Every structure is written in structure tokens, then in C-alpha cells.
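> Here it is: the structure, laid out below.
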Amino acid sequence: MKKYLYIIALLSITIFLTSCDNDSSSNPSNGKYMPTLNTELTYKTTNLFEIYDEFGRIVDTMEIMENDIISVVKILSVDDSLPGYRDLLRFNVGNSSTWYINNDTAFFAVAYNNPGGYWVFPKMSSKRYLTISEAKEIISMMNKDIAIPNSVLSDSVQYYESPRVVVKYPLYVGQKWIELSLPSFLARERVVKDVKVINAAGLNFQCFENVAEISNLHLKITDYFNITTGIIKRVVLSDSVELRSADNPEGTGWGKLTTESILIEKR
């Protein structure tokens with residue numbers, strides 16, 4: 001009798017632990033992101049360029065972009081308007097603003113100003129590696145909502161060709177959405193891969209790790225999104241990047257460029 005009770009107890013524990021694992025893996029968010037007016041989020045952005053040898057081993061590093069860039073994102077309005085839109089959230093970083101819609105289905109960007117010059121790809125094949133200058137331009141473009149963009153001052157407002165979906169509600173592991181469909185060379189799908197605790201600004205934030213990959217450009221963008229605060233950490237990985245110079249236009253080697261932006265203060 002004791003033997004049967006022991007087996008039943010083990011089965012009960014196994015079922016309980018399995019249920020906990022399933023709950024943990026799906027881990028749906030409670031509601032949606034609700035930014036607070038005048039909140040300031042300070043980020044630090046670092047860049048690391050690592051050089052491969054002919055065997056694909058990292059053998060050196062090179063400074064190709066400015067490091068330890070400090071940028072402050074401020075929520076300027078929670079009820080802003082643009083032609084055709086009302087009740088927009090307006091986020092400001094440096095001299096640039098981005099306008100967002102936050103409804104029950106998603107948090108997505110619809111417009112921005114100070115975009116700087118538009119960078120256009122040369123005609124390319126289905127498989128193509130980026131040069132350093134190309135990778136720098138793309139990473140700057142992708143990271144302009146939390147890092148100060150390199151842009152010419154302008155009051156003109158530009159609209160996304162297709163709204164950029166930052167997160168889709170509800171958030172849970174396995175959730176997928178099309179973040180951007182236009183321009184086509186930056187089209188990408190987001191997938192929530194995991195829930196992780198990220199230590200930033202002296203606090204622990206439970207974050208949904210969502211990942212987008214642009215395979216034809218060997219790019220991977222990972223956001224760690226907290227439902228209360230927003231983006232806590234972003235990593236943009238460009239691998240592989242071709243080393244070229246004026247003396248060697250055909251290329252002299254390969255490297256990996258990693259850009260990391262992390263929250264260092266919230267107030």
C-alpha cells in the first residue's frame with residue numbers, strides 16, 4: 001500500500017512541476033504597456049567590432065564606432081495628434097521624436113521626425129554581406145528610437161511606409177508578429193523566445209526576449225521588453241561584416257559588429 005501511495009505522490013509532483021513549466025513557458029503578460037508622461041529613460045550604447053581570422057576565430061577587435069553613447073528618451077505626450085491620428089504617444093530622443101499608437105492589440109510606431117538622410121542599398125543578390133559603413137548606417141537606423149540618431153535637424157514628420165509593430169499583445173513565449181514589412185530590405189518577423197530577468201539601472205526587470213532576424217543581411221535584433229517600463233535592453237548583431245578599404249576595395253577580411261543599448265537610469 002505504501003508503495004502505491006509513493007508512486008501516486010511522485011506522479012502528482014511530476015504533474016504539478018510540468019504544469020508549472022508550461023505556465024512559465026507561456027507566461028502571458030498582464031495587459032499592455034502604459035507609458036507615463038514625463039518619464040525619462042537613460043540608455044548607454046556600446047559597440048564592439050570583432051575580427052575573424054581565415055578559420056572563423058575571433059582574433060582582434062577594432063574601434064569603428066563611438067562607444068558609451070548616452071541618450072535620454074523622454075515621454076513628451078500621451079495624447080498628441082498628427083494628421084489622421086489622435087491620442088498618440090510621443091517619445092523624444094535627442095532631437096528626434098517618434099509617435100506611437102498603443103491600443104489593445106499592439107504598441108506600434110507610425111511616424112518620426114529628424115530621420116536624417118535615407119540610406120539606399122545598391123542592387124544586391126539574395127546573399128550579400130554588409131560593409132562596415134553599410135552596417136553602421138543600418139544599425140543607426142534600427143536603433144534611433146532609444147539611441148540618438150545621426151540626423152540633420154528638421155521639423156518635418158515622416159510616416160512609416162508600414163507601421164512598425166514594437167510589441168503585439170498579449171506578450172507570451174511563442175508570440176509572433178510582423179514588425180516591419182516596408183522597406184522590403186528591412187522586413188522582419190518578431191518572435192518572443194523567452195522570459196528573462198535583466199539587471200539594469202540597479203533593478204531587476206522581467207523581460208520578454210523577442211528576436212528579429214534579417215537573414216539575407218546576416219542581421220539579428222534582440223529586444224528585452226518589460227511591460228511596465230518598455231525596452232530595457234537591445235542588442236543588434238551584424239555577422240558577418242566585410243572589411244574594405246580604399247586600398248583594398250575587394251575586401252581584406254571579416255568581422256562581427258555588436259551594438260548593445262541598455263537602460264542605466266529611469267526617472
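Chain identifiers are assigned as A, B, and so on, following the order in which chains appear in the C-alpha cells; residues are numbered from 1 within each chain, and ligands are numbered from 1 in order of appearance.
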Give me the residues within 7 Å of Gly94 of chain A as a list in words, counting only C-alpha atoms and dropping any in the same chain fewer than 2 places off.
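Listed by chain and then number, they are Ser71, Val72, Asn92, Ser96 and Ile148 of chain A.
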> Got a sec: who's within 6 Å of segment 224-240 of chain A, counting only C-alpha atoms, leaving out chain neighbours fewer than 4 positions off, as a list in words?
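Counting only the stated atoms, we get Tyr33, Cys207, Phe208, Glu209, His218, Leu219, Lys220, Gly255, Lys256, Leu257, Thr258, Thr259, Glu260, Ser261, Ile262 and Leu263 of chain A.
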> Go ahead and save the picked residues with C-alpha atoms, as a PDB file, in the first residue's frame.

ATOM      1  CA  TYR A  33       2.473  48.751 -21.917  1.00  0.00           C
ATOM      2  CA  CYS A 207      11.524  40.975 -19.810  1.00  0.00           C
ATOM      3  CA  PHE A 208      10.103  39.289 -22.862  1.00  0.00           C
ATOM      4  CA  GLU A 209      13.045  38.452 -25.121  1.00  0.00           C
ATOM      5  CA  HIS A 218      23.047  38.474 -41.591  1.00  0.00           C
ATOM      6  CA  LEU A 219      21.396  40.756 -39.023  1.00  0.00           C
ATOM      7  CA  LYS A 220      19.783  39.836 -35.703  1.00  0.00           C
ATOM      8  CA  GLY A 255      34.219  40.840 -38.633  1.00  0.00           C
ATOM      9  CA  LYS A 256      31.223  40.870 -36.313  1.00  0.00           C
ATOM     10  CA  LEU A 257      29.623  44.126 -35.142  1.00  0.00           C
ATOM     11  CA  THR A 258      27.588  44.066 -31.922  1.00  0.00           C
ATOM     12  CA  THR A 259      25.695  47.143 -30.720  1.00  0.00           C
ATOM     13  CA  GLU A 260      24.190  46.977 -27.226  1.00  0.00           C
ATOM     14  CA  SER A 261      21.919  49.600 -25.666  1.00  0.00           C
ATOM     15  CA  ILE A 262      20.915  49.146 -22.028  1.00  0.00           C
ATOM     16  CA  LEU A 263      18.861  51.172 -19.570  1.00  0.00           C
TER      17      LEU A 263
END
> Tell me, as a list in words, which residues lie within 10 Å of Ile138 of chain A, counting only C-alpha atoms; anything in the same chain fewer than 4 positions away does not count.
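Once the adjacent positions are removed, what remains is Trp119, Val120, Leu130, Ser133, Glu134, Met142, Asn143, Leu186, Leu219, Val236 and Ser238 of chain A.
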> Within 9 Å of Trp99 of chain A, counting only C-alpha atoms, which residues show up once you throw out same-chain ones fewer than 6 positions away? Write them as a JSON list (two decimals) with C-alpha atoms, in the first residue's frame, please.

[["chain", "number", "residue", "atom", "x", "y", "z"],
["A", 80, "ASP", "CA", -0.52, 64.01, -29.18],
["A", 81, "SER", "CA", -2.06, 64.38, -32.65],
["A", 82, "LEU", "CA", -0.89, 64.16, -36.25],
["A", 88, "LEU", "CA", -0.62, 59.36, -29.88],
["A", 89, "LEU", "CA", 2.29, 58.75, -27.52],
["A", 90, "ARG", "CA", 5.26, 60.96, -28.37],
["A", 91, "PHE", "CA", 8.73, 59.79, -27.36],
["A", 92, "ASN", "CA", 11.74, 62.07, -27.76],
["A", 108, "PHE", "CA", 3.42, 50.43, -32.83],
["A", 109, "ALA", "CA", 5.24, 53.40, -34.31],
["A", 110, "VAL", "CA", 3.55, 55.40, -37.06],
["A", 111, "ALA", "CA", 5.75, 58.47, -37.61],
["A", 112, "TYR", "CA", 9.02, 60.17, -36.73]]
> For Ile69 of chain A, which residue among A:Thr98, A:Gln206, A:Thr45, A:Asn38 is the nearest when counting only C-alpha atoms?
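Ranked by minimum distance to Ile69 of chain A, first place goes to A:Thr45.
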> Counting only C-alpha atoms, what is within 12 Å of Arg86 of chain A, bar same-chain residues fewer than 6 positions away, as a VMD selection string?
chain A and resid 77 to 80 99 to 103 110
> Report the distance between atom CA of Trp254 of chain A and atom CA of Phe55 of chain A in Å, rounded to one decimal place.
10.7 Å
> Mind checking which residues fall within 7 Å of Leu243 of chain A, counting only C-alpha atoms, ignoring those fewer than 3 positions away in the same chain, and posting them as a list of chain:residue names?
A:Thr131, A:Ile132, A:Gly251, A:Thr252, A:Gly253, A:Trp254
> Just write the chosen residues, C-alpha atoms, as a compact mmCIF listing (two decimals), in the first residue's frame.

# COMPACT_ATOMS: atom_id res chain seq x y z
CA THR A 131 30.45 46.52 -45.45
CA ILE A 132 31.31 48.39 -42.25
CA GLY A 251 37.87 43.29 -49.05
CA THR A 252 40.56 42.37 -46.54
CA GLY A 253 38.66 40.17 -44.10
CA TRP A 254 35.54 39.73 -41.98
> Would you compute the distance between atom CA of Ala201 of chain A and atom CA of Val167 of chain A? Give it in Å to one decimal.
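Atom-to-atom, atom CA of Ala201 of chain A to atom CA of Val167 of chain A, that is 22.3 Å.
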> Measuring between only C-alpha atoms, which one of A:Glu242, A:Tyr172, A:Asn204, A:Asn216 shows the shortest distance to Ser29 of chain A?
A:Tyr172
